[in-house]
file my_file.cif (mmCIF, C-alpha atoms and all ligand atoms)
data_structure
loop_
_atom_site.label_atom_id
_atom_site.label_comp_id
_atom_site.auth_asym_id
_atom_site.auth_seq_id
_atom_site.Cartn_x
_atom_site.Cartn_y
_atom_site.Cartn_z
CA MET L 1 0.00 0.00 0.00
CA MET L 2 1.21 3.52 -0.80
CA VAL L 3 1.61 5.39 2.46
CA LYS L 4 1.54 9.10 3.20
CA ILE L 5 4.04 10.62 5.61
CA ALA L 6 2.78 13.41 7.87
CA PRO L 7 5.55 15.15 9.81
CA SER L 8 4.23 16.55 13.12
CA ILE L 9 5.18 20.18 13.70
CA LEU L 10 5.42 19.49 17.44
CA SER L 11 9.09 18.58 16.96
CA ALA L 12 9.83 21.47 14.57
CA ASP L 13 11.56 24.72 15.50
CA PHE L 14 8.53 26.98 16.01
CA ALA L 15 10.59 30.14 15.54
CA ARG L 16 11.21 29.02 11.95
CA LEU L 17 8.00 27.08 11.32
CA GLY L 18 7.46 28.18 7.72
CA ASP L 19 11.02 27.19 6.76
CA GLU L 20 10.75 23.90 8.64
CA VAL L 21 7.55 23.00 6.79
CA GLU L 22 9.07 24.00 3.44
CA ASP L 23 12.08 21.84 4.28
CA VAL L 24 9.96 18.72 4.90
CA ARG L 25 7.80 19.49 1.85
CA ILE L 26 10.90 19.37 -0.33
CA ALA L 27 12.00 16.27 1.58
CA GLY L 28 8.81 14.45 0.48
CA ALA L 29 6.16 15.05 3.16
CA ASP L 30 2.61 14.33 1.99
CA TYR L 31 0.71 16.03 4.83
CA ILE L 32 1.67 18.31 7.72
CA HIS L 33 0.33 17.13 11.07
CA PHE L 34 -0.59 20.11 13.27
CA ASP L 35 -0.97 19.21 16.97
CA VAL L 36 -3.23 21.43 19.06
CA MET L 37 -3.20 20.89 22.85
CA ASP L 38 -5.39 22.78 25.29
CA GLY L 39 -3.92 21.90 28.69
CA GLU L 40 -7.24 20.23 29.61
CA PHE L 41 -7.74 17.23 27.36
CA VAL L 42 -3.99 16.59 27.62
CA PRO L 43 -1.50 17.89 30.21
CA ASN L 44 0.34 20.09 27.72
CA ILE L 45 -0.29 23.24 25.68
CA SER L 46 0.97 23.75 22.12
CA VAL L 47 -0.34 26.15 19.49
CA GLY L 48 -3.66 27.32 18.09
CA PHE L 49 -5.43 29.58 15.61
CA PRO L 50 -2.85 32.32 14.91
CA VAL L 51 -0.06 29.82 14.22
CA LEU L 52 -2.30 27.76 11.92
CA LYS L 53 -3.36 30.91 10.09
CA SER L 54 0.26 31.97 9.52
CA LEU L 55 1.29 28.49 8.43
CA ARG L 56 -1.62 28.37 5.96
CA LYS L 57 -0.16 31.43 4.22
CA ALA L 58 3.28 29.82 4.12
CA THR L 59 2.41 26.43 2.54
CA ASP L 60 0.06 24.66 0.15
CA LEU L 61 0.67 21.29 1.83
CA PHE L 62 -2.37 19.46 3.21
CA LEU L 63 -2.77 20.49 6.86
CA ASP L 64 -4.01 17.65 9.09
CA VAL L 65 -5.05 19.29 12.37
CA HIS L 66 -5.16 17.03 15.44
CA LEU L 67 -7.27 18.63 18.16
CA MET L 68 -6.28 17.36 21.60
CA VAL L 69 -8.91 19.68 22.95
CA ASP L 70 -11.83 19.21 25.33
CA ARG L 71 -15.30 19.70 23.74
CA PRO L 72 -13.92 20.52 20.26
CA LEU L 73 -17.38 21.41 18.94
CA ARG L 74 -16.68 24.88 20.33
CA TYR L 75 -13.68 25.41 18.04
CA VAL L 76 -13.83 23.26 14.89
CA GLU L 77 -15.24 25.99 12.64
CA ARG L 78 -12.48 28.38 13.64
CA PHE L 79 -9.83 25.76 12.83
CA CYS L 80 -11.45 25.31 9.41
CA ASP L 81 -11.41 29.08 8.86
CA ALA L 82 -7.79 29.28 10.03
CA GLY L 83 -6.76 26.95 7.21
CA ALA L 84 -7.10 23.29 8.21
CA ASP L 85 -7.67 20.84 5.34
CA LEU L 86 -8.72 18.14 7.78
CA VAL L 87 -9.74 18.42 11.43
CA ASN L 88 -9.41 15.44 13.80
CA VAL L 89 -11.47 15.32 16.97
CA HIS L 90 -11.08 12.80 19.80
CA VAL L 91 -14.06 10.52 20.56
CA GLU L 92 -13.20 10.88 24.26
CA ALA L 93 -13.48 14.68 24.19
CA ASP L 94 -17.29 15.00 24.33
CA THR L 95 -20.65 13.19 24.14
CA PRO L 96 -21.39 11.17 20.95
CA GLU L 97 -24.04 13.74 20.04
CA ASN L 98 -21.53 16.59 20.19
CA ILE L 99 -18.85 14.61 18.34
CA HIS L 100 -21.30 13.95 15.50
CA ALA L 101 -22.17 17.64 15.51
CA ALA L 102 -18.49 18.62 15.36
CA LEU L 103 -17.92 16.32 12.35
CA GLU L 104 -20.95 17.84 10.63
CA LYS L 105 -19.67 21.36 11.24
CA ILE L 106 -16.28 20.48 9.73
CA HIS L 107 -17.94 19.06 6.60
CA ALA L 108 -20.25 22.06 6.35
CA LYS L 109 -17.09 24.17 6.08
CA GLY L 110 -16.02 22.03 3.11
CA LYS L 111 -13.15 20.40 5.01
CA LYS L 112 -12.32 16.78 5.76
CA ALA L 113 -13.19 15.36 9.17
CA GLY L 114 -11.36 12.74 11.24
CA ILE L 115 -12.03 10.85 14.43
CA THR L 116 -9.23 9.96 16.86
CA ILE L 117 -8.91 7.37 19.65
CA LYS L 118 -6.52 7.31 22.61
CA PRO L 119 -4.63 4.12 23.56
CA LYS L 120 -7.15 3.01 26.21
CA THR L 121 -10.14 3.49 23.89
CA PRO L 122 -11.26 0.33 22.05
CA ALA L 123 -11.41 0.20 18.25
CA GLU L 124 -15.20 -0.23 18.44
CA ALA L 125 -15.51 3.39 19.61
CA VAL L 126 -14.99 4.56 16.01
CA LEU L 127 -17.85 2.46 14.60
CA PRO L 128 -20.65 5.01 15.13
CA TYR L 129 -18.63 7.55 13.11
CA LEU L 130 -17.03 5.39 10.44
CA ASP L 131 -19.52 6.24 7.67
CA GLN L 132 -19.20 9.94 8.47
CA VAL L 133 -15.42 10.48 8.53
CA ASP L 134 -12.62 10.87 5.97
CA LEU L 135 -9.92 9.59 8.33
CA VAL L 136 -9.51 7.57 11.52
CA LEU L 137 -6.49 8.31 13.69
CA VAL L 138 -5.28 5.64 16.12
CA MET L 139 -2.94 7.05 18.78
CA THR L 140 0.10 4.84 19.32
CA VAL L 141 1.22 6.84 22.39
CA GLU L 142 -0.74 8.68 25.11
CA PRO L 143 -1.41 12.06 23.50
CA GLY L 144 0.33 15.08 24.98
CA PHE L 145 4.01 14.83 24.13
CA GLY L 146 6.30 14.08 21.20
CA GLY L 147 9.19 11.64 21.41
CA GLN L 148 7.46 8.82 23.33
CA SER L 149 7.86 5.09 22.67
CA PHE L 150 5.57 3.36 20.17
CA MET L 151 2.85 1.14 21.70
CA ALA L 152 2.88 -1.97 19.54
CA ASP L 153 -0.27 -3.35 21.17
CA MET L 154 -2.25 -0.63 19.33
CA LEU L 155 -1.69 -2.45 16.04
CA ASP L 156 -4.58 -4.87 16.66
CA LYS L 157 -6.90 -1.86 16.65
CA VAL L 158 -5.37 -0.59 13.42
CA HIS L 159 -5.92 -3.98 11.81
CA LYS L 160 -9.53 -4.19 13.05
CA ILE L 161 -10.37 -0.74 11.73
CA ARG L 162 -8.71 -1.50 8.36
CA THR L 163 -10.92 -4.60 8.11
CA TRP L 164 -14.07 -2.56 8.77
CA ILE L 165 -13.04 0.09 6.23
CA GLU L 166 -12.61 -2.64 3.63
CA GLU L 167 -15.79 -4.50 4.52
CA LYS L 168 -17.79 -1.30 4.22
CA GLN L 169 -15.78 -0.20 1.16
CA LEU L 170 -15.15 3.24 2.62
CA ALA L 171 -12.70 5.80 1.22
CA CYS L 172 -11.63 6.59 4.79
CA GLU L 173 -7.89 6.93 5.50
CA LEU L 174 -6.28 5.25 8.51
CA GLU L 175 -3.57 7.16 10.37
CA VAL L 176 -1.24 6.32 13.26
CA ASP L 177 0.42 8.90 15.52
CA GLY L 178 3.12 8.52 18.16
CA GLY L 179 6.50 6.84 18.21
CA VAL L 180 6.45 6.13 14.47
CA ASP L 181 9.96 5.84 13.01
CA ALA L 182 11.85 3.84 10.39
CA VAL L 183 11.64 0.75 12.64
CA THR L 184 8.02 0.89 13.86
CA ALA L 185 6.53 2.12 10.54
CA HIS L 186 6.75 -1.31 8.97
CA ALA L 187 4.32 -2.88 11.46
CA CYS L 188 1.97 0.11 11.09
CA LYS L 189 1.79 -0.43 7.34
CA ALA L 190 1.39 -4.18 7.75
CA ALA L 191 -1.55 -3.56 10.12
CA GLY L 192 -3.22 -1.36 7.49
CA ALA L 193 -2.30 2.24 8.29
CA ASN L 194 -1.89 4.44 5.20
CA VAL L 195 -0.98 7.77 6.87
CA LEU L 196 2.01 7.76 9.23
CA VAL L 197 2.56 10.74 11.53
CA ALA L 198 6.18 11.23 12.59
CA GLY L 199 7.45 14.11 14.68
CA SER L 200 10.82 13.45 16.24
CA ALA L 201 11.73 10.80 13.62
CA VAL L 202 11.64 13.54 10.94
CA PHE L 203 12.37 16.90 12.57
CA ASN L 204 15.11 15.67 14.88
CA LYS L 205 17.07 14.28 11.93
CA PRO L 206 19.49 16.51 10.02
CA ASP L 207 18.59 14.86 6.69
CA ARG L 208 14.79 15.03 6.49
CA ALA L 209 14.61 13.50 3.01
CA ALA L 210 16.49 10.44 4.24
CA ALA L 211 14.32 10.29 7.37
CA ILE L 212 11.06 10.42 5.37
CA ALA L 213 12.33 7.88 2.83
CA ALA L 214 13.39 5.53 5.64
CA ILE L 215 9.91 5.65 7.18
CA ARG L 216 8.16 5.29 3.81
CA ASN L 217 10.30 2.33 2.72
CA SER L 218 10.56 0.52 6.06
C1 LIG W 301 1.38 13.42 20.53
C2 LIG W 301 1.12 14.08 19.21
C3 LIG W 301 1.96 13.54 18.13
C4 LIG W 301 3.44 13.75 18.36
C5 LIG W 301 4.18 12.64 17.67
O1 LIG W 301 0.47 13.88 21.46
O2 LIG W 301 -0.23 13.90 18.82
O3 LIG W 301 1.56 14.01 16.86
O4 LIG W 301 3.92 14.97 17.90
O5 LIG W 301 5.53 12.78 17.98
P1 LIG W 301 6.53 11.58 17.80
O6 LIG W 301 6.47 11.16 16.35
O7 LIG W 301 7.84 12.18 18.18
O8 LIG W 301 6.09 10.48 18.72
ZN ZN W 302 -0.84 14.28 16.72
#

call {"tool": "encode", "arguments": {"input": "my_file.cif", "output": "structure tokens", "more": "lines below"}}
Ligand code: DX5
Ligand code: ZN
result
Amino acid sequence: MMVKIAPSILSADFARLGDEVEDVRIAGADYIHFDVMDGEFVPNISVGFPVLKSLRKATDLFLDVHLMVDRPLRYVERFCDAGADLVNVHVEADTPENIHAALEKIHAKGKKAGITIKPKTPAEAVLPYLDQVDLVLVMTVEPGFGGQSFMADMLDKVHKIRTWIEEKQLACELEVDGGVDAVTAHACKAAGANVLVAGSAVFNKPDRAAAIAAIRNS
């Protein structure tokens, strides 16, 4: 399967974000993964609307926005307006009713919508949304920080969700996020992931083209 590589800006140099993103674009990145943390849903705070808006002006790359934000329904439209191409919301972040509403709001803005599950959340939690989303994101670390170790026991969930996507013949993409590098990427692909997020395994390497190629070809 052809995979897409989505470098996570969390490990980039934020003072030079436009240049960093241009560097990984030239190095072969397919998407840019933009991690938003609110200090409530996860015990960390990253960046939000103004940074996304500036980055949107600096690149044409597909911006995959991962909202690690409590009750994202409040903010999804503003992330669409700020320049997201796809907005991911966590199933754990609100009631099913409000998650459905958030996905609808994203689509009403003409953007793609994704659903995300944390490591302790079973694969089945995505089922109520599967027909409605363009992407499912399976976290392979506890969200909140870059540079953590890959949780290989998440791969069963990836495989299950890939099977459902195929059974239902959906166009939905399947993404993994956390601890993905040139070693762990192989198992992610084998389990059925087609979008691989990698933060430290791309931005912490001096040769980003080699880093992306190593993940893609693992
Ligand atoms: C974790 C973030 C990830 C993170 C991945 O909460 O959602 O996107 O940046 O970083 P690495 O690839 O270093 O594990
Ligand atoms: Zn992420």

call {"tool": "residues_around", "arguments": {"input": "my_file.cif", "residues": "Asp85 of chain L", "least_positions_apart": "5", "cutoff": "8 Å", "atoms": "only C-alpha atoms", "output": "JSON, numbers by chain"}}
result
{"L": [62, 63, 64, 65, 80, 111, 112]}

call {"tool": "residues_around", "arguments": {"input": "my_file.cif", "residues": "Met139 of chain L", "least_positions_apart": "6", "cutoff": "8 Å", "atoms": "all atoms listed in the file", "output": "list in words"}}
result
Thr116, Ile117, Lys118, Pro119, Met154, Val176, Asp177 and Gly178 of chain L

call {"tool": "residues_around", "arguments": {"input": "my_file.cif", "residues": "segment 14-23 of chain L", "least_positions_apart": "3", "cutoff": "8 Å", "atoms": "only C-alpha atoms", "output": "compact mmCIF listing (two decimals) with C-alpha atoms, keeping the file's coordinate frame"}}
result
# COMPACT_ATOMS: atom_id res chain seq x y z
CA ILE L 9 5.18 20.18 13.70
CA ILE L 26 10.90 19.37 -0.33
CA ALA L 27 12.00 16.27 1.58
CA ILE L 32 1.67 18.31 7.72
CA LEU L 55 1.29 28.49 8.43
CA ALA L 58 3.28 29.82 4.12
CA THR L 59 2.41 26.43 2.54
CA ARG L 208 14.79 15.03 6.49

call {"tool": "closest_residue", "arguments": {"input": "my_file.cif", "among": "L:Val180, L:Ala201, L:Val36, L:Ala171", "to": "Gly144 of chain L", "atoms": "all atoms listed in the file"}}
result
L:Val36

call {"tool": "atom_distance", "arguments": {"input": "my_file.cif", "atom1": "atom O6 of ligand LIG 301 (chain W)", "atom2": "atom CA of Gly179 of chain L"}}
result
4.7 Å

call {"tool": "closest_atom_pairs", "arguments": {"input": "my_file.cif", "of": "chain L", "to": "ligand ZN 302 (chain W)", "cutoff": "12 Å", "atoms": "only C-alpha atoms and all ligand atoms", "output": "Markdown table"}}
result
| residue | atom | partner | partner_atom | distance |
| --- | --- | --- | --- | --- |
| L:Ala6 | CA | W:ZN302 | ZN | 9.6 |
| L:Pro7 | CA | W:ZN302 | ZN | 9.5 |
| L:Ser8 | CA | W:ZN302 | ZN | 6.6 |
| L:Ile9 | CA | W:ZN302 | ZN | 9.0 |
| L:Leu10 | CA | W:ZN302 | ZN | 8.2 |
| L:Ser11 | CA | W:ZN302 | ZN | 10.8 |
| L:Ile32 | CA | W:ZN302 | ZN | 10.2 |
| L:His33 | CA | W:ZN302 | ZN | 6.4 |
| L:Phe34 | CA | W:ZN302 | ZN | 6.8 |
| L:Asp35 | CA | W:ZN302 | ZN | 4.9 |
| L:Val36 | CA | W:ZN302 | ZN | 7.9 |
| L:Met37 | CA | W:ZN302 | ZN | 9.3 |
| L:Val42 | CA | W:ZN302 | ZN | 11.6 |
| L:Ser46 | CA | W:ZN302 | ZN | 11.1 |
| L:Leu63 | CA | W:ZN302 | ZN | 11.8 |
| L:Asp64 | CA | W:ZN302 | ZN | 8.9 |
| L:Val65 | CA | W:ZN302 | ZN | 7.9 |
| L:His66 | CA | W:ZN302 | ZN | 5.3 |
| L:Leu67 | CA | W:ZN302 | ZN | 7.9 |
| L:Met68 | CA | W:ZN302 | ZN | 7.9 |
| L:Val69 | CA | W:ZN302 | ZN | 11.5 |
| L:Val87 | CA | W:ZN302 | ZN | 11.2 |
| L:Asn88 | CA | W:ZN302 | ZN | 9.1 |
| L:Val89 | CA | W:ZN302 | ZN | 10.7 |
| L:His90 | CA | W:ZN302 | ZN | 10.8 |
| L:Gly114 | CA | W:ZN302 | ZN | 12.0 |
| L:Ile115 | CA | W:ZN302 | ZN | 11.9 |
| L:Thr116 | CA | W:ZN302 | ZN | 9.4 |
| L:Ile117 | CA | W:ZN302 | ZN | 11.0 |
| L:Lys118 | CA | W:ZN302 | ZN | 10.7 |
| L:Leu137 | CA | W:ZN302 | ZN | 8.8 |
| L:Val138 | CA | W:ZN302 | ZN | 9.7 |
| L:Met139 | CA | W:ZN302 | ZN | 7.8 |
| L:Thr140 | CA | W:ZN302 | ZN | 9.8 |
| L:Val141 | CA | W:ZN302 | ZN | 9.6 |
| L:Glu142 | CA | W:ZN302 | ZN | 10.1 |
| L:Pro143 | CA | W:ZN302 | ZN | 7.2 |
| L:Gly144 | CA | W:ZN302 | ZN | 8.4 |
| L:Phe145 | CA | W:ZN302 | ZN | 8.9 |
| L:Gly146 | CA | W:ZN302 | ZN | 8.4 |
| L:Gly147 | CA | W:ZN302 | ZN | 11.4 |
| L:Gln148 | CA | W:ZN302 | ZN | 11.9 |
| L:Glu175 | CA | W:ZN302 | ZN | 9.9 |
| L:Val176 | CA | W:ZN302 | ZN | 8.7 |
| L:Asp177 | CA | W:ZN302 | ZN | 5.7 |
| L:Gly178 | CA | W:ZN302 | ZN | 7.1 |
| L:Gly179 | CA | W:ZN302 | ZN | 10.6 |
| L:Val180 | CA | W:ZN302 | ZN | 11.2 |
| L:Val195 | CA | W:ZN302 | ZN | 11.8 |
| L:Leu196 | CA | W:ZN302 | ZN | 10.3 |
| L:Val197 | CA | W:ZN302 | ZN | 7.1 |
| L:Ala198 | CA | W:ZN302 | ZN | 8.7 |
| L:Gly199 | CA | W:ZN302 | ZN | 8.5 |
| L:Ser200 | CA | W:ZN302 | ZN | 11.7 |

call {"tool": "atom_distance", "arguments": {"input": "my_file.cif", "atom1": "atom C5 of ligand LIG 301 (chain W)", "atom2": "atom CA of Gln132 of chain L"}}
result
25.3 Å

call {"tool": "atom_distance", "arguments": {"input": "my_file.cif", "atom1": "atom CA of Ala209 of chain L", "atom2": "atom CA of Lys57 of chain L"}}
result
23.3 Å

call {"tool": "residues_around", "arguments": {"input": "my_file.cif", "residues": "Thr184 of chain L", "least_positions_apart": "4", "cutoff": "9 Å", "atoms": "all atoms listed in the file", "output": "JSON, numbers by chain"}}
result
{"L": [150, 152, 179, 180, 188, 215, 218]}

call {"tool": "axis_aligned_box", "arguments": {"input": "my_file.cif", "around": "segment 82-96 of chain L", "padding_each_side": "3 Å", "output": "lines of an AutoDock Vina configuration file"}}
result
center_x = -14.1
center_y = 19.9
center_z = 14.8
size_x = 20.6
size_y = 24.8
size_z = 25.0

call {"tool": "closest_residue", "arguments": {"input": "my_file.cif", "among": "L:Asp60, L:Asp38, L:Asp153, L:Asp30", "to": "ligand LIG 301 (chain W)", "atoms": "all atoms listed in the file"}}
result
L:Asp38

call {"tool": "closest_residue", "arguments": {"input": "my_file.cif", "among": "L:Val183, L:Ile165, L:Leu135, L:Val47", "to": "Ser149 of chain L", "atoms": "all atoms listed in the file"}}
result
L:Val183

call {"tool": "closest_residue", "arguments": {"input": "my_file.cif", "among": "L:Met1, L:Val133, L:Ala191, L:Ile161", "to": "Leu103 of chain L", "atoms": "all atoms listed in the file"}}
result
L:Val133

call {"tool": "closest_residue", "arguments": {"input": "my_file.cif", "among": "L:Val76, L:Leu52, L:Leu127, L:Ala12", "to": "His107 of chain L", "atoms": "all atoms listed in the file"}}
result
L:Val76

call {"tool": "closest_residue", "arguments": {"input": "my_file.cif", "among": "L:Lys53, L:Pro43, L:Lys168, L:Asp70", "to": "ligand LIG 301 (chain W)", "atoms": "only C-alpha atoms and all ligand atoms"}}
result
L:Pro43
